[in-house]
file start-v9.csv (CSV, C-alpha atoms and all ligand atoms)
chain,number,residue,atom,x,y,z
A,26,MET,CA,32.4,165.4,187.3
A,27,ILE,CA,29.6,166.0,184.9
A,28,PRO,CA,28.8,162.6,183.3
A,29,PRO,CA,30.2,162.5,179.7
A,30,PRO,CA,26.9,162.3,177.9
A,31,LEU,CA,25.6,165.3,179.8
A,32,GLU,CA,28.9,167.2,179.2
A,33,ASN,CA,28.7,166.4,175.4
A,34,ALA,CA,25.2,167.7,175.2
A,35,LEU,CA,26.0,170.9,177.2
A,36,TYR,CA,29.2,171.9,175.4
A,37,GLY,CA,28.5,170.3,172.0
A,38,ILE,CA,27.0,173.6,170.8
A,39,HIS,CA,30.3,175.3,171.3
A,40,ALA,CA,32.2,172.6,169.5
A,41,THR,CA,29.7,172.8,166.5
A,42,HIS,CA,30.2,176.5,166.2
A,43,ALA,CA,34.0,176.1,166.5
A,44,LEU,CA,33.9,173.4,163.7
A,45,ARG,CA,31.9,175.7,161.4
A,46,LEU,CA,34.1,178.7,162.0
A,47,ALA,CA,37.4,176.8,161.5
A,48,ASP,CA,35.9,175.4,158.2
A,49,ARG,CA,34.6,178.8,157.0
A,50,HIS,CA,38.0,180.5,157.7
A,51,GLY,CA,40.1,177.9,156.0
A,52,VAL,CA,41.8,176.5,159.2
A,53,PHE,CA,41.5,172.9,158.2
A,54,THR,CA,42.6,173.5,154.7
A,55,HIS,CA,45.6,175.4,156.0
A,56,LEU,CA,46.6,172.5,158.3
A,57,LEU,CA,46.2,170.1,155.5
A,58,ARG,CA,48.2,172.1,153.0
A,59,HIS,CA,51.0,173.3,155.3
A,60,GLY,CA,51.1,170.7,158.0
A,61,PRO,CA,50.9,171.2,161.8
A,62,ALA,CA,50.8,174.9,162.9
A,63,THR,CA,50.4,177.0,166.1
A,64,ALA,CA,47.4,179.2,166.3
A,65,PRO,CA,49.4,182.4,166.0
A,66,ALA,CA,51.2,181.1,162.8
A,67,ALA,CA,47.9,179.9,161.3
A,68,ALA,CA,46.2,183.2,162.3
A,69,ALA,CA,49.0,185.3,160.6
A,70,GLU,CA,48.7,183.2,157.4
A,71,LEU,CA,44.9,183.4,157.3
A,72,GLY,CA,44.6,187.0,158.4
A,73,LEU,CA,42.7,186.1,161.6
A,74,ASP,CA,42.8,187.3,165.2
A,75,ALA,CA,45.4,185.1,167.0
A,76,GLU,CA,43.8,185.2,170.4
A,77,THR,CA,40.4,184.1,169.1
A,78,LEU,CA,41.8,181.4,166.9
A,79,GLU,CA,43.9,180.0,169.8
A,80,ARG,CA,40.8,179.6,171.9
A,81,LEU,CA,38.9,178.1,169.0
A,82,MET,CA,41.6,175.6,168.2
A,83,LEU,CA,42.1,174.7,171.9
A,84,LEU,CA,38.4,173.8,172.1
A,85,LEU,CA,38.7,171.8,168.9
A,86,LYS,CA,41.7,169.9,170.3
A,87,VAL,CA,40.0,169.2,173.7
A,88,SER,CA,36.9,168.0,171.8
A,89,GLY,CA,39.1,165.6,169.7
A,90,LEU,CA,38.5,167.6,166.5
A,91,LEU,CA,42.1,168.6,166.3
A,92,ALA,CA,45.2,166.7,167.5
A,93,ASP,CA,48.2,167.9,169.4
A,94,ALA,CA,51.3,167.9,167.1
A,95,GLY,CA,53.7,169.0,169.9
A,96,GLY,CA,55.3,172.5,170.5
A,97,GLY,CA,51.8,174.1,170.7
A,98,ARG,CA,51.1,173.0,167.1
A,99,TYR,CA,47.8,171.5,166.0
A,100,GLU,CA,47.0,169.0,163.2
A,101,LEU,CA,44.1,167.1,161.8
A,102,PRO,CA,43.4,163.8,163.6
A,103,ALA,CA,44.0,160.7,161.5
A,104,GLY,CA,41.0,159.8,159.3
A,105,THR,CA,39.3,163.2,159.3
A,106,ALA,CA,40.8,164.8,156.1
A,107,ASP,CA,38.1,163.2,153.8
A,108,PHE,CA,35.4,165.0,155.9
A,109,LEU,CA,37.1,168.3,156.6
A,110,ALA,CA,38.9,169.1,153.4
A,111,PRO,CA,36.6,171.2,151.1
A,112,ASP,CA,37.6,169.0,148.2
A,113,GLY,CA,37.5,165.8,150.3
A,114,PRO,CA,35.0,163.1,149.1
A,115,ARG,CA,33.0,163.2,152.3
A,116,TYR,CA,33.3,166.9,153.1
A,117,LEU,CA,30.8,168.0,155.8
A,118,GLY,CA,31.2,171.8,155.6
A,119,GLY,CA,27.9,172.4,153.8
A,120,PHE,CA,26.0,170.1,156.2
A,121,VAL,CA,27.5,171.9,159.3
A,122,GLU,CA,26.5,175.3,157.7
A,123,HIS,CA,23.0,173.9,157.2
A,124,LEU,CA,22.8,172.7,160.8
A,125,VAL,CA,23.9,176.0,162.3
A,126,THR,CA,22.0,178.3,160.1
A,127,ASP,CA,18.7,176.7,158.9
A,128,ALA,CA,18.3,173.6,161.1
A,129,SER,CA,18.9,175.2,164.4
A,130,ARG,CA,16.4,178.0,163.6
A,131,GLN,CA,13.9,175.4,162.7
A,132,LEU,CA,14.5,173.5,166.0
A,133,GLU,CA,13.1,176.5,167.9
A,134,LEU,CA,9.7,175.3,166.7
A,135,LEU,CA,9.9,172.2,168.9
A,136,ASP,CA,8.9,174.2,172.0
A,137,GLY,CA,5.6,175.2,170.3
A,138,TYR,CA,5.1,171.6,169.0
A,139,LEU,CA,5.4,170.3,172.5
A,140,THR,CA,2.7,172.6,173.9
A,141,HIS,CA,0.4,173.1,170.9
A,142,GLY,CA,1.2,170.1,168.6
A,143,LYS,CA,3.0,170.2,165.2
A,144,ASP,CA,-0.2,170.6,163.1
A,145,ALA,CA,-1.3,173.8,165.0
A,146,VAL,CA,2.1,175.4,164.7
A,147,ASP,CA,2.7,174.4,161.1
A,148,ALA,CA,-0.7,175.7,160.0
A,149,ASP,CA,0.7,179.2,159.9
A,150,LEU,CA,3.9,178.3,158.1
A,151,PRO,CA,4.7,177.7,154.4
A,152,ASP,CA,5.2,174.1,153.2
A,153,ALA,CA,8.7,172.8,153.7
A,154,PHE,CA,9.7,172.8,150.1
A,155,ALA,CA,8.1,176.1,149.3
A,156,ARG,CA,10.3,177.5,152.1
A,157,ILE,CA,13.4,175.7,150.7
A,158,HIS,CA,12.7,176.9,147.1
A,159,ARG,CA,11.6,180.4,148.1
A,160,ASP,CA,14.4,181.9,146.0
A,161,GLY,CA,17.4,180.8,143.8
A,162,ALA,CA,19.9,181.4,146.6
A,163,SER,CA,18.0,179.2,149.1
A,164,THR,CA,17.6,176.4,146.5
A,165,GLU,CA,21.3,176.6,145.6
A,166,ARG,CA,22.3,176.3,149.3
A,167,PHE,CA,20.0,173.4,149.9
A,168,LEU,CA,21.1,171.5,146.7
A,169,ALA,CA,24.8,172.1,147.6
A,170,ALA,CA,24.2,170.5,151.0
A,171,MET,CA,22.3,167.6,149.4
A,172,TRP,CA,25.1,167.0,146.9
A,173,GLN,CA,27.7,167.0,149.7
A,174,LEU,CA,25.6,164.6,151.8
A,175,SER,CA,24.6,162.3,149.0
A,176,HIS,CA,27.1,162.2,146.1
A,177,HIS,CA,29.9,160.2,147.8
A,178,ALA,CA,27.5,157.8,149.3
A,179,SER,CA,25.8,157.3,145.9
A,180,ASP,CA,28.9,155.7,144.4
A,181,ARG,CA,28.6,152.8,146.8
A,182,LEU,CA,24.8,152.8,146.7
A,183,ALA,CA,24.9,152.6,142.9
A,184,GLU,CA,27.2,149.6,143.2
A,185,LEU,CA,24.9,148.0,145.8
A,186,ALA,CA,21.9,148.6,143.6
A,187,ASP,CA,23.4,146.4,140.9
A,188,LEU,CA,21.9,148.3,138.0
A,189,GLY,CA,23.5,146.2,135.2
A,190,THR,CA,20.2,145.3,133.6
A,191,VAL,CA,18.4,148.6,134.1
A,192,THR,CA,17.8,150.8,131.0
A,193,ARG,CA,15.9,153.8,132.4
A,194,LEU,CA,16.4,155.0,135.9
A,195,VAL,CA,13.9,157.5,137.3
A,196,ASP,CA,15.3,159.4,140.3
A,197,VAL,CA,12.2,160.7,142.1
A,198,GLY,CA,13.1,164.0,144.0
A,199,GLY,CA,16.5,163.4,142.5
A,200,ALA,CA,17.6,167.0,143.2
A,201,ASN,CA,20.8,168.1,141.3
A,202,GLY,CA,21.5,164.5,140.5
A,203,PRO,CA,23.9,163.1,143.2
A,204,PHE,CA,22.6,159.5,142.7
A,205,ALA,CA,21.7,159.8,139.0
A,206,VAL,CA,25.2,161.1,138.1
A,207,ALA,CA,26.9,158.3,140.2
A,208,ALA,CA,24.7,155.6,138.5
A,209,LEU,CA,25.3,157.0,135.0
A,210,ARG,CA,29.0,157.1,135.5
A,211,ARG,CA,29.1,153.5,136.7
A,212,HIS,CA,26.9,152.2,133.8
A,213,PRO,CA,27.7,153.8,130.4
A,214,ALA,CA,24.6,152.3,128.7
A,215,LEU,CA,22.1,153.6,131.3
A,216,ARG,CA,19.8,156.6,130.8
A,217,ALA,CA,18.2,158.5,133.7
A,218,THR,CA,15.5,161.0,134.4
A,219,VAL,CA,15.5,163.2,137.4
A,220,PHE,CA,11.9,164.1,138.4
A,221,ASP,CA,11.8,167.1,140.7
A,222,LEU,CA,10.2,170.5,141.2
A,223,PRO,CA,10.8,173.1,138.4
A,224,GLU,CA,13.1,175.2,140.7
A,225,VAL,CA,15.7,172.5,140.6
A,226,GLU,CA,16.0,172.3,136.8
A,227,PRO,CA,18.9,174.8,136.3
A,228,PHE,CA,21.0,173.2,139.1
A,229,LEU,CA,20.5,169.6,137.6
A,230,LYS,CA,21.4,170.9,134.2
A,231,ALA,CA,24.6,172.5,135.5
A,232,LYS,CA,25.7,169.3,137.2
A,233,ARG,CA,24.8,167.2,134.1
A,234,SER,CA,27.0,169.4,131.9
A,235,GLU,CA,29.8,169.4,134.5
A,236,HIS,CA,29.8,165.6,134.4
A,237,GLY,CA,29.4,165.3,130.6
A,238,LEU,CA,26.0,163.7,130.8
A,239,ASP,CA,23.9,166.0,128.7
A,240,ASP,CA,22.9,163.2,126.4
A,241,ARG,CA,21.9,160.6,129.0
A,242,LEU,CA,20.4,162.6,131.9
A,243,ASP,CA,17.0,164.3,131.4
A,244,PHE,CA,15.1,166.5,133.8
A,245,ARG,CA,11.3,166.2,134.1
A,246,ALA,CA,9.7,169.1,136.1
A,247,GLY,CA,6.7,168.0,138.1
A,248,ASP,CA,5.0,167.7,141.4
A,249,PHE,CA,4.9,164.1,142.5
A,250,PHE,CA,1.6,164.7,144.4
A,251,ARG,CA,-0.2,165.8,141.2
A,252,ASP,CA,1.7,164.4,138.2
A,253,GLU,CA,2.3,160.8,137.1
A,254,LEU,CA,5.9,159.8,137.2
A,255,PRO,CA,7.7,159.2,133.8
A,256,PRO,CA,8.1,155.5,132.8
A,257,GLY,CA,11.2,153.5,133.7
A,258,ASP,CA,12.4,150.2,134.9
A,259,CYS,CA,14.0,151.4,138.2
A,260,PHE,CA,12.7,154.1,140.5
A,261,ALA,CA,15.0,155.7,143.1
A,262,PHE,CA,13.9,157.5,146.2
A,263,GLY,CA,17.0,159.0,148.0
A,264,TYR,CA,16.3,160.9,151.2
A,265,VAL,CA,12.7,161.4,149.9
A,266,LEU,CA,10.5,159.0,151.9
A,267,SER,CA,12.0,160.4,155.1
A,268,ASP,CA,10.4,163.7,154.2
A,269,TRP,CA,6.9,162.3,154.4
A,270,SER,CA,4.3,160.5,156.5
A,271,ASP,CA,3.6,156.8,156.0
A,272,ALA,CA,0.3,157.6,154.1
A,273,THR,CA,2.1,159.9,151.7
A,274,CYS,CA,5.0,157.5,151.2
A,275,LEU,CA,2.5,154.8,150.2
A,276,ASP,CA,1.0,157.2,147.6
A,277,LEU,CA,4.5,157.9,146.2
A,278,LEU,CA,5.4,154.2,146.1
A,279,ARG,CA,2.1,153.3,144.4
A,280,SER,CA,2.8,156.0,141.8
A,281,ALA,CA,6.3,154.4,141.2
A,282,HIS,CA,4.6,151.0,141.0
A,283,ARG,CA,2.2,152.3,138.3
A,284,ALA,CA,5.1,153.8,136.3
A,285,CYS,CA,7.5,150.9,136.7
A,286,ALA,CA,7.9,148.3,133.9
A,287,PRO,CA,7.0,144.7,135.0
A,288,GLY,CA,10.1,143.1,136.5
A,289,GLY,CA,11.5,146.6,137.3
A,290,ARG,CA,12.7,147.7,140.7
A,291,VAL,CA,12.4,150.4,143.3
A,292,LEU,CA,15.4,151.7,145.4
A,293,VAL,CA,14.8,153.4,148.8
A,294,MET,CA,18.0,155.0,149.9
A,295,ASP,CA,17.9,156.5,153.4
A,296,ARG,CA,19.1,156.4,157.0
A,297,LEU,CA,17.9,153.3,158.8
A,298,PHE,CA,17.0,153.0,162.4
A,299,ASP,CA,18.1,149.8,164.1
A,300,GLU,CA,15.0,147.6,164.6
A,301,ASP,CA,15.2,148.1,168.4
A,302,ARG,CA,15.6,151.9,167.8
A,303,ASP,CA,18.8,151.9,169.9
A,304,GLY,CA,20.5,154.0,167.2
A,305,PRO,CA,22.4,155.1,165.2
A,306,LEU,CA,22.8,158.6,166.6
A,307,GLY,CA,22.6,160.2,163.2
A,308,ALA,CA,19.2,158.6,162.6
A,309,ALA,CA,17.9,159.8,165.9
A,310,VAL,CA,19.2,163.4,165.3
A,311,MET,CA,17.8,163.6,161.8
A,312,ASN,CA,14.5,162.0,162.9
A,313,LEU,CA,14.1,165.1,165.2
A,314,SER,CA,15.2,167.4,162.4
A,315,MET,CA,12.7,165.8,159.9
A,316,HIS,CA,9.9,166.5,162.4
A,317,VAL,CA,10.6,170.3,162.2
A,318,GLU,CA,11.9,170.6,158.6
A,319,THR,CA,9.4,168.3,156.9
A,320,GLN,CA,6.4,166.0,157.4
A,321,GLY,CA,8.6,163.0,157.7
A,322,ARG,CA,10.6,160.7,160.0
A,323,HIS,CA,13.3,158.0,159.8
A,324,ARG,CA,12.3,154.4,159.8
A,325,SER,CA,13.9,150.9,160.2
A,326,ALA,CA,14.5,148.5,157.3
A,327,ARG,CA,11.4,146.5,158.4
A,328,GLU,CA,9.2,149.6,158.3
A,329,TYR,CA,10.3,150.4,154.7
A,330,ALA,CA,9.7,146.8,153.7
A,331,GLY,CA,6.2,147.1,155.1
A,332,LEU,CA,5.5,150.2,153.0
A,333,LEU,CA,7.0,148.7,149.8
A,334,GLU,CA,4.9,145.5,150.2
A,335,ALA,CA,1.8,147.6,150.9
A,336,ALA,CA,2.4,149.5,147.6
A,337,GLY,CA,2.6,146.2,145.7
A,338,PHE,CA,6.4,145.5,145.5
A,339,THR,CA,7.8,142.1,146.4
A,340,ALA,CA,11.2,140.5,147.1
A,341,CYS,CA,12.4,143.2,149.4
A,342,GLU,CA,16.1,143.2,150.3
A,343,VAL,CA,18.2,145.4,152.6
A,344,ARG,CA,21.8,146.2,151.4
A,345,ARG,CA,23.9,148.2,153.9
A,346,SER,CA,26.7,150.7,153.0
A,347,ASP,CA,29.4,151.6,155.5
A,348,GLY,CA,27.9,155.1,155.7
A,349,ASP,CA,24.6,156.7,156.9
A,350,LYS,CA,22.6,156.0,153.8
A,351,HIS,CA,21.5,152.4,153.1
A,352,LEU,CA,19.5,150.7,150.4
A,353,VAL,CA,16.2,148.9,150.6
A,354,THR,CA,15.3,147.4,147.3
A,355,ALA,CA,12.2,145.6,146.0
A,356,ARG,CA,10.8,144.4,142.7
A,357,ARG,CA,7.6,145.0,140.7
A,358,SER,CA,6.5,141.5,139.7
B,1,LIG,C1,15.8,165.7,150.7
B,1,LIG,S1,15.9,166.1,149.0
B,1,LIG,C2,16.6,164.6,148.4
B,1,LIG,C3,17.6,164.8,147.3
B,1,LIG,C4,18.3,163.6,146.7
B,1,LIG,N1,17.3,162.6,146.2
B,1,LIG,C5,19.3,162.9,147.6
B,1,LIG,O1,19.2,161.7,147.8
B,1,LIG,O2,20.1,163.7,148.1
B,1,LIG,C6,14.2,165.9,148.5
B,1,LIG,C7,13.9,166.3,147.1
B,1,LIG,O3,12.5,166.1,146.8
B,1,LIG,C8,12.1,167.2,146.0
B,1,LIG,N2,10.6,167.4,146.1
B,1,LIG,C9,10.0,167.8,147.2
B,1,LIG,N3,8.6,167.9,147.0
B,1,LIG,C10,8.5,167.5,145.7
B,1,LIG,C11,7.3,167.4,144.9
B,1,LIG,N4,6.1,167.6,145.4
B,1,LIG,N5,7.5,166.9,143.6
B,1,LIG,C12,8.7,166.6,143.2
B,1,LIG,N6,9.8,166.7,143.9
B,1,LIG,C13,9.7,167.2,145.2
B,1,LIG,C14,12.9,168.4,146.5
B,1,LIG,O4,12.9,169.5,145.6
B,1,LIG,C15,14.3,167.8,146.8
B,1,LIG,O5,15.1,167.9,145.6
call {"tool": "encode", "arguments": {"input": "start-v9.csv", "output": "C-alpha cells"}}
result
Amino acid sequence: MIPPPLENALYGIHATHALRLADRHGVFTHLLRHGPATAPAAAAELGLDAETLERLMLLLKVSGLLADAGGGRYELPAGTADFLAPDGPRYLGGFVEHLVTDASRQLELLDGYLTHGKDAVDADLPDAFARIHRDGASTERFLAAMWQLSHHASDRLAELADLGTVTRLVDVGGANGPFAVAALRRHPALRATVFDLPEVEPFLKAKRSEHGLDDRLDFRAGDFFRDELPPGDCFAFGYVLSDWSDATCLDLLRSAHRACAPGGRVLVMDRLFDEDRDGPLGAAVMNLSMHVETQGRHRSAREYAGLLEAAGFTACEVRRSDGDKHLVTARRS
C-alpha cells in the first residue's frame, strides 16, 4: 500500500484535472439541477462522450469529490454545492482554472530557482503584474479569479473589521472591488476608494455599476511604489502584502500610515500561517505559489504584527474568519 499522503500527492494531479473538466463541462451544475445521474445519462444530456465521462466521474467518486447515489448514479457530496455551483457563494471554478492554466505553468520555474536562485531566473522575466496585466483578457481572467476568491470572504471580513465609525475606506490594490463592495453594502454611509493600477479601472467600474455603487465607490489609478495613497481613515490590504517582500511591505504600510487620518486603522486581510508553521495546507501551497507568481510569501499573524508595528501602527489585533482569509488590524495613533 502506498501511504495515503504519498498517494494523494501522486494522483492529486488527475483529480485536479477531473475537477476542472467536470466544472467546465457543466457536470456539477447538471447534478445539482437534475439530481443524481449515471454517467451515460449525464453525458447524453450534456453532449459529452459517455466512456470518458464515466472514467472521470469514477475518479471523482473515489477521490471523494462525488458521492455514490446507488444504481450507478453520482451526486454531489453534502456541503460541496456552495463551492461547485457556478452561482454558489464560494464557487472555486475560476480558482481551479487559474491553478491548472497559469499557476502550474509558473511552477515549472521552481526547478530553475532551485539550481540558479529566484533572482537569476526572474531577471529575464517580466514583473508579475506586468505579466498579469499584459492584455485585457489576462486582466479580466485574473480579476474574475480574485473576485471569486475574495468576495464571499469579504462579507465576513467587513463584519470582523467593525467599520461603523469609518468614513473613507481606501482599498489598496483593491482590484475590481471584492472587499470595497462588501464593506459599502454593509455600511450605507461609508465611501471608498479603490487604489490600483490603471488597467483595473474598467473592471472596477463595471462591478461598481452592477452593485449600484457609482456614487460611493471611486477608483484612483496609481502605482503604490511611486504615488502617494489618497487620504482616508481606514486602509485595506487584501491579498496584497503576500505579494511582496518584508522590506516592500514596510514601504507600503508606511505609505498607508502617512495617508491615514490620526485614530484611523489599517486592515491586513490574508492567509495566516500557524505560528509553528504546521499549516494550514492552503497557506503552505499558496506560499510556494507566491514564490513563483510574485515577490511575496505568506506570514503568521505575529509576523504581520511585527511589520505593522515597525511601520508605526499600534494596538494590533487578530480576528479570524472561518475561511482562508483572516484579518490583522491595527491603529494609527
Ligand atoms: C492579489 S491582488 C489582490 C486583490 C484584492 N485586494 C483581493 O483581496 O482579492 C493584488 C492587487 O494589487 C494590484 N497591484 C499590483 N501592483 C500594484 C502597484 N504597483 N500599484 C497599485 N496596485 C498594484 C494588482 O493590480 C491587484 O489588483
call {"tool": "closest_residue", "arguments": {"input": "start-v9.csv", "among": "A:His123, A:Arg115, A:Arg49, A:Arg345", "to": "A:His177", "atoms": "only C-alpha atoms"}}
result
A:Arg115
call {"tool": "residues_near_ligand", "arguments": {"input": "start-v9.csv", "ligand": "ligand LIG 1 (chain B)", "cutoff": "6 Å", "atoms": "only C-alpha atoms and all ligand atoms", "output": "PyMOL selection string"}}
result
chain A and resi 154+171+175+198-200+221-222+247-250+263-265
call {"tool": "residues_around", "arguments": {"input": "start-v9.csv", "residues": "stretch 155-167 of chain A", "least_positions_apart": "4", "cutoff": "12 Å", "atoms": "all atoms listed in the file", "output": "PyMOL selection string"}}
result
chain A and resi 118-120+122-124+126-128+131+150-151+171-174+200-201+221-229+231-232+248+318-319
call {"tool": "closest_residue", "arguments": {"input": "start-v9.csv", "among": "A:Leu56, A:Leu109, A:Ala92, A:Val191", "to": "A:Leu44", "atoms": "all atoms listed in the file"}}
result
A:Leu109
call {"tool": "closest_residue", "arguments": {"input": "start-v9.csv", "among": "A:Met311, A:Ile38, A:Leu333, A:Leu254", "to": "A:Asp349", "atoms": "all atoms listed in the file"}}
result
A:Met311
call {"tool": "closest_residue", "arguments": {"input": "start-v9.csv", "among": "A:Leu185, A:Ala355, A:Leu90, A:Ala205", "to": "A:Ala103", "atoms": "all atoms listed in the file"}}
result
A:Leu90
call {"tool": "closest_residue", "arguments": {"input": "start-v9.csv", "among": "A:Ala336, A:Leu85, A:Ala286, A:Leu242", "to": "A:Tyr36", "atoms": "all atoms listed in the file"}}
result
A:Leu85
call {"tool": "closest_residue", "arguments": {"input": "start-v9.csv", "among": "A:Asp112, A:Asp144, A:Asp74, A:Asp187", "to": "A:Asp48", "atoms": "only C-alpha atoms"}}
result
A:Asp112
call {"tool": "residues_near_point", "arguments": {"input": "start-v9.csv", "point": "(7.7, 162.8, 156.4)", "cutoff": "7 Å", "atoms": "all atoms listed in the file", "output": "JSON, numbers by chain"}}
result
{"A": [266, 267, 268, 269, 270, 315, 319, 320, 321, 322]}
call {"tool": "atom_distance", "arguments": {"input": "start-v9.csv", "atom1": "atom CA of A:Arg356", "atom2": "atom CA of A:Ala246"}}
result
25.6 Å
call {"tool": "atom_distance", "arguments": {"input": "start-v9.csv", "atom1": "atom CA of A:Thr54", "atom2": "atom CA of A:Asp93"}}
result
16.7 Å
call {"tool": "residues_around", "arguments": {"input": "start-v9.csv", "residues": "stretch 292-294 of chain A", "least_positions_apart": "5", "cutoff": "12 Å", "atoms": "only C-alpha atoms", "output": "PyMOL selection string"}}
result
chain A and resi 175+178-179+181-183+185-188+194-199+204+258-267+274+277-278+281-282+285+323-326+328-330+332-333+338+341-346+348-357
